[in-house]
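> Can you keep this structure in mind? I'll have questions shortly.
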Amino acid sequence: METVLDKEKIQKQIDALSKKYYGKKIVIYGAGDYFLFVRDNIDLSGLNITGISDKKFEVSKEENPSNYIALTPEELKDFDFDIILVLLKNDKKLCDYIEYELLMNTKNEDKKVLSLLNTKLKTNARQHYIKGKRLYEFIYGITSDEDKDKINSKLSEILQELKQVKICSFFPACEKKYKQAYKCYKKMTDLLLENIDITKIKPTQKKKYRKFQLDTAEFCKRMTDFLDKNGIEYFISSGTLIGAIRHKAFVPWDDDFDTGVLRKDFEKLKTILKENFEEIDNSEVSISKNNRLEIIDKALRRSKGKILFFHGIEYLQLYQGKNINDCVSMDIFSHDYYRDDYTWEEHREYLKYVRAKRIELDKFPEIIKFLDSEIRSNPNIVEKSNKIYYGIDNLGGYIVTPTAFMKEGTIYPRRKMVFEGYEFFAPNSPEGYTEVQYKDFMSFPKNIPLGHDGFKR
């Protein structure tokens, strides 16, 4: 961390902020490694810090590395403060999220949100206006006519408010106008989401996007049939399983297909895929270059329609198509049995160790080698038990809030579920499996992504 952050430079920034915002109530957003560096190396006494916020406090506030009040992101909506200083690596994205998503339409919507590490960051209200408008139109399109009828009058009131902003596409509008317009779209989107029956929403109304979803389902049916023939006991998982439970189809804003397998099948599958499909070379894929999609794109352009597979650090992937923006794919995630007397607290500590070691590595092959070595040598990973959880080479082990192990009966015996008109194998208890990853899966997520793969999609 010391090689990344300049102590002297940060101290100057802190001193300047202390003078500029003397006496103002400040909340630090971010309680991870960056905060620990600042806490241990920088004099913060000039700032009137009243709290520290982090997503991890949603699980427990006991891991608070400071003497300040610990706040979940949701608590910031009502907390008394003047400024939020973001102290995270992806500070641009977080600043935008806090200002335009978390605090919008709350009593703190006009409070300042600044990056502690990059004082030159500027939010772009126009971009958020366009994104907000697009999201509203998408959600309105999938809302059932019955639900629309309930709230059309309230939506009309906000539309009248929007007309008063008078943004003209022929002339540049000021940041303030764009923010006002975004605020209206956010109000209308929130109104829809608060009143929609999620089980009655329609498929996406975007024809090109819907075709892509259906093409993906057809490809994945072919691939799962291939897994069946080779004795691989897959099951649909993550967003795909939520779609099967709620809609018997894709979640309208999702565009990938997730499956899981247990370790013995995951290892067997690596060999089977190499024997049947062309492997994408991962030797030059690295974290620092962030070039995974670029390398997959090049392989697809050379493939002439062949099915390719990619060995990533958090899943295996199957691809077919012309390029990364015009292809279908399927993700396959690992799961492990863990010793029956192995505790959740022990696993959380182990994941911290794995994360710390992974940060030291860059290229995919060396990360995969490290993870494989850990899996083979870890005495807590066993061939059979009543405890199953994501492998350390599974994205789910890092991106979801840790909750609990699954019982073997949650997955086995598998059952069949309908998804986009096809039958796929699913966990024995679809709801039980999903609750481990998404506690409130029958509600809309806080952030709805409109597709999340490819360069442009």
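Following the order of the structure tokens, first chain is A, next is B, and so on, with residues numbered from 1 inside each chain and ligands from 1 in the order they appear.
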For Ile287 of chain A, list every protein, DNA or RNA residue within 12 Å, evaluated using only C-alpha atoms, and leave out those in the same chain fewer than 2 positions away; present the list as a ChimeraX atom specification.

/A:282-285,289-293,312-313,358-367

> Please extract the residues of segment 164-343 of chain A with a backbone DSSP assignment of alpha helix (DSSP H) and present them as an MDAnalysis selection string.

chainID A and resid 164:165 175:195 207:229 238:246 263:276 292:302

> So how many Å separate atom CA of Gln317 of chain A and atom CA of Asp331 of chain A, to one decimal?

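Interatomic distance, atom CA of Gln317 of chain A to atom CA of Asp331 of chain A: 4.6 Å.
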
> So, with only C-alpha atoms as the atoms that count, which of A:Ala244, A:Leu316, A:Ile381, A:Cys95 lies closest to Met442 of chain A?

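Comparing A:Ala244, A:Leu316, A:Ile381, A:Cys95 against Met442 of chain A, the winner is A:Ala244.
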
> For the atom pair atom CA of Ile52 of chain A and atom CA of Ile26 of chain A, what is the interatomic distance in Å to one decimal place?

8.8 Å

> Among segment 43-129 of chain A, which residues carry a DSSP assignment of strand (DSSP E), reported as a VMD selection string?

chain A and resid 49 to 53 69 to 71 83 to 86 112 to 115

> With C-alpha atoms retained, could you export that selection as a CSV table (one decimal), in the first residue's frame?


```
chain,number,residue,atom,x,y,z
A,49,ILE,CA,-15.0,13.4,11.4
A,50,THR,CA,-18.3,12.2,12.9
A,51,GLY,CA,-18.7,8.8,11.3
A,52,ILE,CA,-17.3,6.1,9.0
A,53,SER,CA,-19.4,4.2,6.5
A,69,ILE,CA,-19.6,5.9,14.6
A,70,ALA,CA,-20.0,3.0,12.2
A,71,LEU,CA,-22.7,3.6,9.6
A,83,ILE,CA,-19.5,16.2,3.6
A,84,ILE,CA,-18.7,12.6,2.7
A,85,LEU,CA,-15.0,11.9,1.8
A,86,VAL,CA,-14.7,8.7,-0.2
A,112,LYS,CA,-21.0,17.3,-0.8
A,113,VAL,CA,-19.4,14.0,-1.9
A,114,LEU,CA,-15.7,14.2,-2.5
A,115,SER,CA,-12.8,11.8,-3.2
```
